[in-house]
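Novice: Hey, dropping upload_7.cif in here, mmCIF, N, CA and C atoms:
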```cif
data_data
#
loop_
_atom_site.label_atom_id
_atom_site.label_comp_id
_atom_site.auth_asym_id
_atom_site.auth_seq_id
_atom_site.Cartn_x
_atom_site.Cartn_y
_atom_site.Cartn_z
N MET A 1 7.95 55.30 -76.80
CA MET A 1 7.12 55.44 -75.61
C MET A 1 7.96 55.12 -74.38
N ASN A 2 7.81 55.97 -73.38
CA ASN A 2 8.63 55.83 -72.19
C ASN A 2 7.97 54.95 -71.14
N GLU A 3 6.86 55.41 -70.64
CA GLU A 3 6.19 54.74 -69.55
C GLU A 3 5.14 53.77 -70.07
N ILE A 4 4.92 52.71 -69.30
CA ILE A 4 3.84 51.77 -69.59
C ILE A 4 2.89 51.79 -68.40
N ILE A 5 1.60 51.95 -68.69
CA ILE A 5 0.57 52.01 -67.66
C ILE A 5 -0.36 50.81 -67.84
N PRO A 6 -0.49 49.94 -66.82
CA PRO A 6 -1.47 48.88 -66.92
C PRO A 6 -2.87 49.44 -66.73
N ILE A 7 -3.82 48.90 -67.48
CA ILE A 7 -5.19 49.38 -67.43
C ILE A 7 -6.13 48.17 -67.52
N ALA A 8 -7.23 48.24 -66.79
CA ALA A 8 -8.22 47.17 -66.83
C ALA A 8 -9.59 47.77 -66.55
N CYS A 9 -10.61 47.02 -66.99
CA CYS A 9 -11.98 47.48 -66.79
C CYS A 9 -12.93 46.29 -66.78
N ASP A 10 -14.17 46.57 -66.43
CA ASP A 10 -15.24 45.61 -66.65
C ASP A 10 -16.03 46.06 -67.87
N HIS A 11 -17.14 45.41 -68.12
CA HIS A 11 -17.95 45.72 -69.29
C HIS A 11 -18.45 47.17 -69.29
N ALA A 12 -18.79 47.70 -68.11
CA ALA A 12 -19.29 49.07 -68.03
C ALA A 12 -18.20 50.10 -68.35
N GLY A 13 -16.95 49.72 -68.15
CA GLY A 13 -15.85 50.63 -68.39
C GLY A 13 -15.14 50.43 -69.71
N PHE A 14 -15.59 49.47 -70.50
CA PHE A 14 -14.86 49.13 -71.73
C PHE A 14 -14.70 50.32 -72.68
N GLU A 15 -15.78 51.02 -72.99
CA GLU A 15 -15.68 52.13 -73.95
C GLU A 15 -14.77 53.24 -73.43
N LEU A 16 -14.86 53.54 -72.15
CA LEU A 16 -13.99 54.58 -71.58
C LEU A 16 -12.54 54.10 -71.58
N LYS A 17 -12.32 52.83 -71.30
CA LYS A 17 -10.94 52.31 -71.32
C LYS A 17 -10.31 52.52 -72.70
N GLU A 18 -11.07 52.28 -73.74
CA GLU A 18 -10.54 52.47 -75.09
C GLU A 18 -10.17 53.94 -75.34
N LYS A 19 -10.97 54.86 -74.84
CA LYS A 19 -10.68 56.30 -74.98
C LYS A 19 -9.44 56.67 -74.16
N VAL A 20 -9.33 56.11 -72.97
CA VAL A 20 -8.16 56.39 -72.13
C VAL A 20 -6.89 55.86 -72.81
N LYS A 21 -6.96 54.71 -73.43
CA LYS A 21 -5.81 54.17 -74.15
C LYS A 21 -5.38 55.10 -75.28
N GLU A 22 -6.34 55.64 -76.02
CA GLU A 22 -6.02 56.60 -77.08
C GLU A 22 -5.36 57.84 -76.49
N PHE A 23 -5.88 58.32 -75.37
CA PHE A 23 -5.32 59.50 -74.70
C PHE A 23 -3.88 59.22 -74.27
N LEU A 24 -3.65 58.06 -73.67
CA LEU A 24 -2.29 57.71 -73.25
C LEU A 24 -1.34 57.68 -74.44
N ALA A 25 -1.78 57.09 -75.53
CA ALA A 25 -0.94 57.02 -76.73
C ALA A 25 -0.59 58.42 -77.23
N SER A 26 -1.54 59.35 -77.13
CA SER A 26 -1.27 60.73 -77.56
C SER A 26 -0.22 61.41 -76.68
N LYS A 27 -0.01 60.87 -75.49
CA LYS A 27 1.00 61.39 -74.55
C LYS A 27 2.28 60.55 -74.60
N ASN A 28 2.37 59.67 -75.58
CA ASN A 28 3.51 58.77 -75.71
C ASN A 28 3.64 57.81 -74.55
N ILE A 29 2.51 57.38 -74.00
CA ILE A 29 2.48 56.41 -72.91
C ILE A 29 1.80 55.16 -73.44
N GLU A 30 2.45 54.04 -73.26
CA GLU A 30 1.89 52.77 -73.71
C GLU A 30 0.94 52.21 -72.65
N ALA A 31 -0.17 51.67 -73.08
CA ALA A 31 -1.11 51.01 -72.17
C ALA A 31 -0.91 49.50 -72.26
N LYS A 32 -0.73 48.87 -71.11
CA LYS A 32 -0.72 47.40 -71.04
C LYS A 32 -2.15 47.01 -70.67
N ASP A 33 -2.89 46.54 -71.64
CA ASP A 33 -4.32 46.28 -71.49
C ASP A 33 -4.56 44.89 -70.92
N PHE A 34 -5.09 44.86 -69.69
CA PHE A 34 -5.42 43.60 -69.03
C PHE A 34 -6.88 43.21 -69.22
N GLY A 35 -7.60 43.90 -70.09
CA GLY A 35 -8.98 43.55 -70.38
C GLY A 35 -9.97 44.30 -69.51
N THR A 36 -11.18 44.05 -69.69
CA THR A 36 -11.85 43.19 -70.63
C THR A 36 -11.78 43.80 -72.03
N PHE A 37 -12.14 43.01 -73.01
CA PHE A 37 -11.94 43.44 -74.38
C PHE A 37 -13.24 43.62 -75.16
N SER A 38 -14.34 43.73 -74.43
CA SER A 38 -15.64 44.01 -75.05
C SER A 38 -16.58 44.52 -73.96
N ASN A 39 -17.80 44.84 -74.36
CA ASN A 39 -18.78 45.27 -73.35
C ASN A 39 -19.70 44.12 -72.93
N ASP A 40 -19.27 42.88 -73.18
CA ASP A 40 -19.99 41.70 -72.68
C ASP A 40 -19.78 41.61 -71.17
N SER A 41 -20.81 41.24 -70.46
CA SER A 41 -20.78 41.19 -69.00
C SER A 41 -19.66 40.29 -68.48
N VAL A 42 -18.89 40.82 -67.51
CA VAL A 42 -17.79 40.10 -66.88
C VAL A 42 -17.77 40.43 -65.39
N ASP A 43 -16.93 39.74 -64.66
CA ASP A 43 -16.73 40.00 -63.23
C ASP A 43 -15.50 40.89 -63.07
N TYR A 44 -15.70 42.12 -62.59
CA TYR A 44 -14.62 43.11 -62.51
C TYR A 44 -13.38 42.64 -61.75
N PRO A 45 -13.48 41.82 -60.68
CA PRO A 45 -12.25 41.44 -59.99
C PRO A 45 -11.27 40.67 -60.88
N ASP A 46 -11.80 39.92 -61.85
CA ASP A 46 -10.92 39.14 -62.72
C ASP A 46 -9.92 40.01 -63.46
N PHE A 47 -10.28 41.24 -63.72
CA PHE A 47 -9.43 42.16 -64.48
C PHE A 47 -8.69 43.13 -63.55
N ALA A 48 -9.37 43.61 -62.53
CA ALA A 48 -8.74 44.54 -61.59
C ALA A 48 -7.57 43.89 -60.86
N HIS A 49 -7.72 42.61 -60.51
CA HIS A 49 -6.62 41.91 -59.82
C HIS A 49 -5.34 41.94 -60.64
N LYS A 50 -5.45 41.89 -61.94
CA LYS A 50 -4.25 41.88 -62.79
C LYS A 50 -3.48 43.19 -62.66
N VAL A 51 -4.19 44.32 -62.60
CA VAL A 51 -3.51 45.61 -62.43
C VAL A 51 -2.99 45.74 -61.00
N GLY A 52 -3.82 45.40 -60.02
CA GLY A 52 -3.40 45.51 -58.63
C GLY A 52 -2.17 44.67 -58.34
N SER A 53 -2.16 43.46 -58.83
CA SER A 53 -1.03 42.55 -58.63
C SER A 53 0.24 43.09 -59.29
N ALA A 54 0.11 43.59 -60.51
CA ALA A 54 1.28 44.10 -61.25
C ALA A 54 1.87 45.34 -60.59
N VAL A 55 1.03 46.25 -60.12
CA VAL A 55 1.53 47.45 -59.43
C VAL A 55 2.10 47.04 -58.08
N ASN A 56 1.45 46.13 -57.38
CA ASN A 56 1.93 45.67 -56.08
C ASN A 56 3.33 45.08 -56.17
N ARG A 57 3.58 44.30 -57.22
CA ARG A 57 4.90 43.68 -57.42
C ARG A 57 5.97 44.68 -57.84
N GLY A 58 5.54 45.85 -58.30
CA GLY A 58 6.50 46.83 -58.77
C GLY A 58 6.78 46.71 -60.26
N ASP A 59 5.98 45.90 -60.97
CA ASP A 59 6.16 45.77 -62.42
C ASP A 59 5.86 47.10 -63.12
N TYR A 60 4.95 47.88 -62.53
CA TYR A 60 4.55 49.17 -63.07
C TYR A 60 4.47 50.17 -61.93
N LYS A 61 4.78 51.42 -62.23
CA LYS A 61 4.76 52.49 -61.24
C LYS A 61 3.33 52.89 -60.85
N ARG A 62 2.43 52.91 -61.84
CA ARG A 62 1.04 53.29 -61.58
C ARG A 62 0.12 52.64 -62.59
N GLY A 63 -1.19 52.65 -62.28
CA GLY A 63 -2.15 51.99 -63.13
C GLY A 63 -3.50 52.67 -63.13
N ILE A 64 -4.39 52.14 -63.97
CA ILE A 64 -5.74 52.70 -64.14
C ILE A 64 -6.73 51.54 -64.15
N VAL A 65 -7.81 51.69 -63.37
CA VAL A 65 -8.90 50.71 -63.37
C VAL A 65 -10.22 51.44 -63.55
N ILE A 66 -11.16 50.78 -64.24
CA ILE A 66 -12.42 51.43 -64.58
C ILE A 66 -13.56 50.42 -64.45
N CYS A 67 -14.63 50.84 -63.80
CA CYS A 67 -15.88 50.07 -63.81
C CYS A 67 -17.03 51.06 -63.75
N GLY A 68 -18.24 50.57 -63.66
CA GLY A 68 -19.40 51.46 -63.69
C GLY A 68 -19.35 52.53 -62.63
N SER A 69 -19.16 52.13 -61.38
CA SER A 69 -19.11 53.10 -60.28
C SER A 69 -17.70 53.45 -59.85
N GLY A 70 -16.74 52.65 -60.25
CA GLY A 70 -15.36 52.81 -59.80
C GLY A 70 -15.11 52.14 -58.47
N ASN A 71 -16.16 51.79 -57.75
CA ASN A 71 -16.01 51.22 -56.42
C ASN A 71 -15.46 49.80 -56.43
N GLY A 72 -16.04 48.93 -57.24
CA GLY A 72 -15.63 47.52 -57.23
C GLY A 72 -14.17 47.33 -57.57
N VAL A 73 -13.71 47.99 -58.63
CA VAL A 73 -12.31 47.83 -59.03
C VAL A 73 -11.38 48.47 -57.99
N GLN A 74 -11.82 49.59 -57.41
CA GLN A 74 -11.00 50.21 -56.38
C GLN A 74 -10.86 49.30 -55.16
N MET A 75 -11.96 48.73 -54.72
CA MET A 75 -11.91 47.82 -53.56
C MET A 75 -11.00 46.63 -53.85
N THR A 76 -11.05 46.13 -55.06
CA THR A 76 -10.24 44.98 -55.44
C THR A 76 -8.75 45.31 -55.39
N VAL A 77 -8.34 46.37 -56.06
CA VAL A 77 -6.90 46.66 -56.11
C VAL A 77 -6.35 47.13 -54.77
N ASN A 78 -7.20 47.74 -53.95
CA ASN A 78 -6.73 48.20 -52.64
C ASN A 78 -6.51 47.06 -51.65
N LYS A 79 -6.76 45.83 -52.05
CA LYS A 79 -6.43 44.66 -51.22
C LYS A 79 -4.92 44.40 -51.21
N TYR A 80 -4.22 44.97 -52.17
CA TYR A 80 -2.78 44.75 -52.29
C TYR A 80 -2.03 45.75 -51.42
N PRO A 81 -1.06 45.29 -50.63
CA PRO A 81 -0.41 46.19 -49.66
C PRO A 81 0.36 47.36 -50.25
N ASN A 82 0.86 47.23 -51.46
CA ASN A 82 1.63 48.33 -52.05
C ASN A 82 0.81 49.19 -53.00
N VAL A 83 -0.51 49.03 -52.95
CA VAL A 83 -1.40 49.80 -53.82
C VAL A 83 -2.15 50.83 -53.00
N ARG A 84 -2.24 52.03 -53.56
CA ARG A 84 -3.07 53.09 -53.01
C ARG A 84 -3.89 53.64 -54.17
N CYS A 85 -5.11 53.13 -54.28
CA CYS A 85 -5.98 53.49 -55.40
C CYS A 85 -6.98 54.55 -54.96
N ALA A 86 -7.04 55.61 -55.73
CA ALA A 86 -7.98 56.71 -55.47
C ALA A 86 -9.13 56.65 -56.46
N LEU A 87 -10.35 56.61 -55.95
CA LEU A 87 -11.54 56.70 -56.78
C LEU A 87 -11.77 58.17 -57.06
N CYS A 88 -11.68 58.56 -58.32
CA CYS A 88 -11.70 59.99 -58.68
C CYS A 88 -12.87 60.31 -59.59
N TRP A 89 -13.66 61.29 -59.17
CA TRP A 89 -14.81 61.73 -59.95
C TRP A 89 -14.72 63.20 -60.31
N ASN A 90 -13.66 63.88 -59.87
CA ASN A 90 -13.41 65.25 -60.30
C ASN A 90 -11.91 65.53 -60.26
N GLU A 91 -11.53 66.68 -60.79
CA GLU A 91 -10.11 67.00 -60.92
C GLU A 91 -9.42 67.20 -59.57
N GLU A 92 -10.10 67.84 -58.64
CA GLU A 92 -9.49 68.10 -57.34
C GLU A 92 -9.21 66.81 -56.57
N ILE A 93 -10.14 65.86 -56.64
CA ILE A 93 -9.92 64.58 -55.97
C ILE A 93 -8.70 63.87 -56.57
N ALA A 94 -8.54 63.92 -57.88
CA ALA A 94 -7.38 63.31 -58.53
C ALA A 94 -6.08 63.97 -58.07
N GLN A 95 -6.09 65.28 -58.02
CA GLN A 95 -4.90 66.02 -57.60
C GLN A 95 -4.54 65.69 -56.15
N LEU A 96 -5.53 65.70 -55.28
CA LEU A 96 -5.27 65.41 -53.87
C LEU A 96 -4.87 63.95 -53.65
N GLY A 97 -5.45 63.06 -54.45
CA GLY A 97 -5.06 61.66 -54.35
C GLY A 97 -3.58 61.45 -54.62
N ARG A 98 -3.05 62.22 -55.54
CA ARG A 98 -1.61 62.14 -55.83
C ARG A 98 -0.80 62.94 -54.80
N GLN A 99 -1.18 64.19 -54.57
CA GLN A 99 -0.39 65.06 -53.70
C GLN A 99 -0.33 64.56 -52.26
N HIS A 100 -1.46 64.15 -51.72
CA HIS A 100 -1.54 63.83 -50.29
C HIS A 100 -1.47 62.34 -49.99
N ASN A 101 -1.89 61.50 -50.92
CA ASN A 101 -1.98 60.07 -50.64
C ASN A 101 -1.03 59.22 -51.47
N ASP A 102 -0.29 59.84 -52.37
CA ASP A 102 0.63 59.12 -53.26
C ASP A 102 -0.08 57.97 -53.96
N ALA A 103 -1.31 58.23 -54.43
CA ALA A 103 -2.08 57.20 -55.14
C ALA A 103 -1.26 56.70 -56.32
N ASN A 104 -1.21 55.37 -56.47
CA ASN A 104 -0.49 54.80 -57.60
C ASN A 104 -1.42 54.10 -58.59
N ILE A 105 -2.70 54.07 -58.27
CA ILE A 105 -3.72 53.61 -59.23
C ILE A 105 -4.89 54.59 -59.12
N VAL A 106 -5.46 54.93 -60.26
CA VAL A 106 -6.66 55.76 -60.29
C VAL A 106 -7.82 54.89 -60.74
N SER A 107 -8.95 55.05 -60.06
CA SER A 107 -10.18 54.35 -60.42
C SER A 107 -11.17 55.37 -60.98
N LEU A 108 -11.75 55.03 -62.12
CA LEU A 108 -12.69 55.92 -62.79
C LEU A 108 -14.10 55.32 -62.80
N PRO A 109 -15.12 56.10 -62.44
CA PRO A 109 -16.50 55.63 -62.47
C PRO A 109 -17.15 55.93 -63.83
N ALA A 110 -17.06 54.99 -64.75
CA ALA A 110 -17.45 55.21 -66.15
C ALA A 110 -18.89 55.67 -66.31
N ARG A 111 -19.78 55.23 -65.45
CA ARG A 111 -21.19 55.58 -65.60
C ARG A 111 -21.54 56.94 -65.01
N PHE A 112 -20.59 57.59 -64.36
CA PHE A 112 -20.91 58.81 -63.62
C PHE A 112 -20.12 60.05 -64.02
N ILE A 113 -19.14 59.89 -64.89
CA ILE A 113 -18.39 61.06 -65.35
C ILE A 113 -18.29 61.03 -66.87
N PRO A 114 -18.31 62.21 -67.50
CA PRO A 114 -18.17 62.25 -68.94
C PRO A 114 -16.73 61.95 -69.37
N GLU A 115 -16.59 61.54 -70.60
CA GLU A 115 -15.28 61.16 -71.13
C GLU A 115 -14.25 62.28 -70.98
N ASP A 116 -14.60 63.52 -71.31
CA ASP A 116 -13.62 64.60 -71.23
C ASP A 116 -13.11 64.80 -69.81
N LEU A 117 -13.98 64.65 -68.82
CA LEU A 117 -13.55 64.76 -67.43
C LEU A 117 -12.66 63.58 -67.05
N ALA A 118 -13.01 62.39 -67.49
CA ALA A 118 -12.18 61.22 -67.20
C ALA A 118 -10.76 61.42 -67.72
N LEU A 119 -10.63 61.97 -68.92
CA LEU A 119 -9.31 62.19 -69.49
C LEU A 119 -8.54 63.28 -68.74
N LYS A 120 -9.23 64.30 -68.26
CA LYS A 120 -8.58 65.32 -67.43
C LYS A 120 -8.08 64.70 -66.13
N ILE A 121 -8.90 63.82 -65.55
CA ILE A 121 -8.50 63.14 -64.31
C ILE A 121 -7.25 62.30 -64.54
N VAL A 122 -7.23 61.56 -65.63
CA VAL A 122 -6.05 60.75 -65.94
C VAL A 122 -4.83 61.64 -66.13
N ASP A 123 -4.98 62.74 -66.83
CA ASP A 123 -3.87 63.66 -67.04
C ASP A 123 -3.33 64.20 -65.71
N ILE A 124 -4.23 64.58 -64.83
CA ILE A 124 -3.82 65.09 -63.50
C ILE A 124 -3.14 63.98 -62.71
N PHE A 125 -3.70 62.79 -62.74
CA PHE A 125 -3.12 61.65 -62.04
C PHE A 125 -1.69 61.39 -62.51
N LEU A 126 -1.46 61.51 -63.81
CA LEU A 126 -0.13 61.24 -64.35
C LEU A 126 0.86 62.37 -64.13
N SER A 127 0.38 63.59 -64.00
CA SER A 127 1.30 64.74 -63.95
C SER A 127 1.49 65.35 -62.57
N THR A 128 0.71 64.94 -61.60
CA THR A 128 0.81 65.54 -60.26
C THR A 128 1.77 64.75 -59.38
N PRO A 129 2.77 65.42 -58.82
CA PRO A 129 3.70 64.71 -57.94
C PRO A 129 3.16 64.58 -56.51
N PHE A 130 3.67 63.61 -55.80
CA PHE A 130 3.40 63.43 -54.38
C PHE A 130 4.15 64.50 -53.61
N GLU A 131 3.50 65.16 -52.67
CA GLU A 131 4.13 66.25 -51.91
C GLU A 131 5.09 65.75 -50.84
N GLY A 132 4.92 64.53 -50.36
CA GLY A 132 5.79 64.03 -49.31
C GLY A 132 5.57 64.79 -48.01
N GLY A 133 6.67 65.05 -47.28
CA GLY A 133 6.56 65.79 -46.02
C GLY A 133 5.61 65.11 -45.05
N ARG A 134 4.71 65.90 -44.47
CA ARG A 134 3.77 65.35 -43.48
C ARG A 134 2.89 64.26 -44.08
N HIS A 135 2.69 64.30 -45.39
CA HIS A 135 1.86 63.29 -46.05
C HIS A 135 2.57 61.93 -46.10
N GLN A 136 3.89 61.93 -46.17
CA GLN A 136 4.65 60.68 -46.19
C GLN A 136 4.39 59.88 -44.93
N ARG A 137 4.41 60.53 -43.80
CA ARG A 137 4.16 59.88 -42.51
C ARG A 137 2.77 59.22 -42.51
N ARG A 138 1.81 59.92 -43.07
CA ARG A 138 0.43 59.41 -43.11
C ARG A 138 0.30 58.23 -44.06
N VAL A 139 0.94 58.34 -45.21
CA VAL A 139 0.89 57.24 -46.17
C VAL A 139 1.51 55.98 -45.57
N GLU A 140 2.59 56.14 -44.82
CA GLU A 140 3.25 55.00 -44.19
C GLU A 140 2.34 54.30 -43.19
N LYS A 141 1.36 54.99 -42.64
CA LYS A 141 0.44 54.41 -41.67
C LYS A 141 -0.72 53.65 -42.31
N ILE A 142 -0.89 53.78 -43.61
CA ILE A 142 -2.04 53.14 -44.27
C ILE A 142 -2.06 51.64 -44.06
N ASN A 143 -0.94 50.98 -44.20
CA ASN A 143 -0.90 49.52 -44.08
C ASN A 143 -0.64 49.03 -42.66
N LYS A 144 -0.59 49.93 -41.72
CA LYS A 144 -0.38 49.55 -40.33
C LYS A 144 -1.72 49.14 -39.73
N LEU A 145 -1.89 47.86 -39.51
CA LEU A 145 -3.15 47.37 -38.99
C LEU A 145 -3.25 47.61 -37.49
N LEU A 146 -4.36 48.13 -37.07
CA LEU A 146 -4.62 48.35 -35.65
C LEU A 146 -5.79 47.45 -35.25
N VAL A 147 -5.47 46.22 -34.89
CA VAL A 147 -6.54 45.27 -34.53
C VAL A 147 -6.56 44.99 -33.06
#
```
So that I can check it, write out the structure of this file as structure tokens.
Specialist:
Amino acid sequence: MNEIIPIACDHAGFELKEKVKEFLASKNIEAKDFGTFSNDSVDYPDFAHKVGSAVNRGDYKRGIVICGSGNGVQMTVNKYPNVRCALCWNEEIAQLGRQHNDANIVSLPARFIPEDLALKIVDIFLSTPFEGGRHQRRVEKINKLLV
């Protein structure tokens, strides 16, 4: 296995996380599982922070987070300055998140998309390159605070 992808979820995303891990393994990609490890109720930030922190430090190139709506885990990981997490509910959003925003974490809304679509989104997220060019300038402005 070449690449390692950190992955985390809350209880609502547990079953989908397990399917995503199987999908990654079929692509020869190892999943570094930061939990949760069951569908027992948990607090999503406890797990999302682990992926956000690891990608922020540069330990991993990209990551995957999953919760019921995808919002909570996305908000959590986007607190890190080197993280650009895209909440993706269809294939085009995943593609644009990579091409235009250089997203390095994908957030999946487990309660709102079917498993087959989630796996397509992950595949697109992993295989779509960042276009750079005019988008690079815009990405560089994301962490520029205007207060």
Novice: Select, from A:Ile124, A:Ala54, A:Val73, A:Cys88, the residue with the minimum atom-to-atom distance to Cys9 of chain A, counting all atoms listed in the file.
Specialist: A:Val73
Novice: Give the answer as one residue: which of A:Leu16, A:Pro45, A:Ile5, A:Asp10 has the shortest atom-to-atom distance to Lys61 of chain A, using all atoms listed in the file?
Specialist: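 Closest candidate: A:Ile5.
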Novice: Find the axis-aligned box for segment 31-46 of chain A, covering all its listed atoms and adding 4 Å on each side, and write its centre and edge lengths in Å to one decimal as JSON.
Specialist:
```
{"center_x": -10.5, "center_y": 45.4, "center_z": -67.6, "size_x": 28.6, "size_y": 20.5, "size_z": 23.2}
```
Novice: Atom C of Phe47 of chain A and atom N of Ile7 of chain A, how far apart in Å?
Specialist: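 These two atoms are separated by 8.5 Å.
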Novice: What does the distance between atom C of Ala8 of chain A and atom C of Asn143 of chain A come to in Å, to one decimal place?
Specialist: 25.5 Å
Novice: Is it possible to get the residues within 9 Å of (-8.8, 60.3, -69.5) (coordinates as in the file, counting only C-alpha atoms) written as an mmCIF file with N, CA and C atoms, in the coordinates of the input?
Specialist:
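Okay, selection-v7.cif is ready:
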```
data_model
loop_
_atom_site.group_PDB
_atom_site.id
_atom_site.type_symbol
_atom_site.label_atom_id
_atom_site.label_comp_id
_atom_site.auth_asym_id
_atom_site.auth_seq_id
_atom_site.Cartn_x
_atom_site.Cartn_y
_atom_site.Cartn_z
ATOM 1 N N LEU A 16 -14.860 53.540 -72.150
ATOM 2 C CA LEU A 16 -13.990 54.580 -71.580
ATOM 3 C C LEU A 16 -12.540 54.100 -71.580
ATOM 4 N N LYS A 17 -12.320 52.830 -71.300
ATOM 5 C CA LYS A 17 -10.940 52.310 -71.320
ATOM 6 C C LYS A 17 -10.310 52.520 -72.700
ATOM 7 N N LYS A 19 -10.970 54.860 -74.840
ATOM 8 C CA LYS A 19 -10.680 56.300 -74.980
ATOM 9 C C LYS A 19 -9.440 56.670 -74.160
ATOM 10 N N VAL A 20 -9.330 56.110 -72.970
ATOM 11 C CA VAL A 20 -8.160 56.390 -72.130
ATOM 12 C C VAL A 20 -6.890 55.860 -72.810
ATOM 13 N N LYS A 21 -6.960 54.710 -73.430
ATOM 14 C CA LYS A 21 -5.810 54.170 -74.150
ATOM 15 C C LYS A 21 -5.380 55.100 -75.280
ATOM 16 N N GLU A 22 -6.340 55.640 -76.020
ATOM 17 C CA GLU A 22 -6.020 56.600 -77.080
ATOM 18 C C GLU A 22 -5.360 57.840 -76.490
ATOM 19 N N PHE A 23 -5.880 58.320 -75.370
ATOM 20 C CA PHE A 23 -5.320 59.500 -74.700
ATOM 21 C C PHE A 23 -3.880 59.220 -74.270
ATOM 22 N N LEU A 24 -3.650 58.060 -73.670
ATOM 23 C CA LEU A 24 -2.290 57.710 -73.250
ATOM 24 C C LEU A 24 -1.340 57.680 -74.440
ATOM 25 N N LEU A 108 -11.750 55.030 -62.120
ATOM 26 C CA LEU A 108 -12.690 55.920 -62.790
ATOM 27 C C LEU A 108 -14.100 55.320 -62.800
ATOM 28 N N GLU A 115 -16.590 61.540 -70.600
ATOM 29 C CA GLU A 115 -15.280 61.160 -71.130
ATOM 30 C C GLU A 115 -14.250 62.280 -70.980
ATOM 31 N N ASP A 116 -14.600 63.520 -71.310
ATOM 32 C CA ASP A 116 -13.620 64.600 -71.230
ATOM 33 C C ASP A 116 -13.110 64.800 -69.810
ATOM 34 N N LEU A 117 -13.980 64.650 -68.820
ATOM 35 C CA LEU A 117 -13.550 64.760 -67.430
ATOM 36 C C LEU A 117 -12.660 63.580 -67.050
ATOM 37 N N ALA A 118 -13.010 62.390 -67.490
ATOM 38 C CA ALA A 118 -12.180 61.220 -67.200
ATOM 39 C C ALA A 118 -10.760 61.420 -67.720
ATOM 40 N N LEU A 119 -10.630 61.970 -68.920
ATOM 41 C CA LEU A 119 -9.310 62.190 -69.490
ATOM 42 C C LEU A 119 -8.540 63.280 -68.740
ATOM 43 N N LYS A 120 -9.230 64.300 -68.260
ATOM 44 C CA LYS A 120 -8.580 65.320 -67.430
ATOM 45 C C LYS A 120 -8.080 64.700 -66.130
ATOM 46 N N ILE A 121 -8.900 63.820 -65.550
ATOM 47 C CA ILE A 121 -8.500 63.140 -64.310
ATOM 48 C C ILE A 121 -7.250 62.300 -64.540
ATOM 49 N N VAL A 122 -7.230 61.560 -65.630
ATOM 50 C CA VAL A 122 -6.050 60.750 -65.940
ATOM 51 C C VAL A 122 -4.830 61.640 -66.130
ATOM 52 N N ASP A 123 -4.980 62.740 -66.830
ATOM 53 C CA ASP A 123 -3.870 63.660 -67.040
ATOM 54 C C ASP A 123 -3.330 64.200 -65.710
#
```
Novice: Looking at all atoms listed in the file, which of A:Val77, A:Ile113, A:Ile66, A:Ile29 is the one that sits closest to Lys50 of chain A?
Specialist: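 Among the listed residues, the smallest separation from Lys50 of chain A belongs to A:Val77.
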Novice: Tell me, in Å to one decimal, how far atom N of Val83 of chain A is from atom C of Phe112 of chain A.
Specialist: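 Taking atom N of Val83 of chain A as the start and atom C of Phe112 of chain A as the end point, the length is 25.1 Å.
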Novice: Which neighbours of segment 103-107 of chain A fall inside 6.5 Å, counting only N, CA and C atoms, when residues of the same chain fewer than 2 positions from it are skipped, and could you give them as a compact mmCIF listing (two decimals) with N, CA and C atoms, keeping the file's coordinate frame?
Specialist:
```txt
# COMPACT_ATOMS: atom_id res chain seq x y z
N LYS A 61 4.78 51.42 -62.23
CA LYS A 61 4.76 52.49 -61.24
C LYS A 61 3.33 52.89 -60.85
N ARG A 62 2.43 52.91 -61.84
CA ARG A 62 1.04 53.29 -61.58
C ARG A 62 0.12 52.64 -62.59
N GLY A 63 -1.19 52.65 -62.28
CA GLY A 63 -2.15 51.99 -63.13
C GLY A 63 -3.50 52.67 -63.13
N ILE A 64 -4.39 52.14 -63.97
CA ILE A 64 -5.74 52.70 -64.14
C ILE A 64 -6.73 51.54 -64.15
N VAL A 65 -7.81 51.69 -63.37
CA VAL A 65 -8.90 50.71 -63.37
C VAL A 65 -10.22 51.44 -63.55
N ILE A 66 -11.16 50.78 -64.24
CA ILE A 66 -12.42 51.43 -64.58
C ILE A 66 -13.56 50.42 -64.45
N CYS A 67 -14.63 50.84 -63.80
CA CYS A 67 -15.88 50.07 -63.81
C CYS A 67 -17.03 51.06 -63.75
N GLY A 70 -16.74 52.65 -60.25
CA GLY A 70 -15.36 52.81 -59.80
C GLY A 70 -15.11 52.14 -58.47
N VAL A 73 -13.71 47.99 -58.63
CA VAL A 73 -12.31 47.83 -59.03
C VAL A 73 -11.38 48.47 -57.99
N GLN A 74 -11.82 49.59 -57.41
CA GLN A 74 -11.00 50.21 -56.38
C GLN A 74 -10.86 49.30 -55.16
N VAL A 83 -0.51 49.03 -52.95
CA VAL A 83 -1.40 49.80 -53.82
C VAL A 83 -2.15 50.83 -53.00
N ARG A 84 -2.24 52.03 -53.56
CA ARG A 84 -3.07 53.09 -53.01
C ARG A 84 -3.89 53.64 -54.17
N CYS A 85 -5.11 53.13 -54.28
CA CYS A 85 -5.98 53.49 -55.40
C CYS A 85 -6.98 54.55 -54.96
N ALA A 86 -7.04 55.61 -55.73
CA ALA A 86 -7.98 56.71 -55.47
C ALA A 86 -9.13 56.65 -56.46
N LEU A 87 -10.35 56.61 -55.95
CA LEU A 87 -11.54 56.70 -56.78
C LEU A 87 -11.77 58.17 -57.06
N CYS A 88 -11.68 58.56 -58.32
CA CYS A 88 -11.70 59.99 -58.68
C CYS A 88 -12.87 60.31 -59.59
N GLY A 97 -5.45 63.06 -54.45
CA GLY A 97 -5.06 61.66 -54.35
C GLY A 97 -3.58 61.45 -54.62
N ARG A 98 -3.05 62.22 -55.54
CA ARG A 98 -1.61 62.14 -55.83
C ARG A 98 -0.80 62.94 -54.80
N GLN A 99 -1.18 64.19 -54.57
CA GLN A 99 -0.39 65.06 -53.70
C GLN A 99 -0.33 64.56 -52.26
N HIS A 100 -1.46 64.15 -51.72
CA HIS A 100 -1.54 63.83 -50.29
C HIS A 100 -1.47 62.34 -49.99
N ASN A 101 -1.89 61.50 -50.92
CA ASN A 101 -1.98 60.07 -50.64
C ASN A 101 -1.03 59.22 -51.47
N PRO A 109 -15.12 56.10 -62.44
CA PRO A 109 -16.50 55.63 -62.47
C PRO A 109 -17.15 55.93 -63.83
```
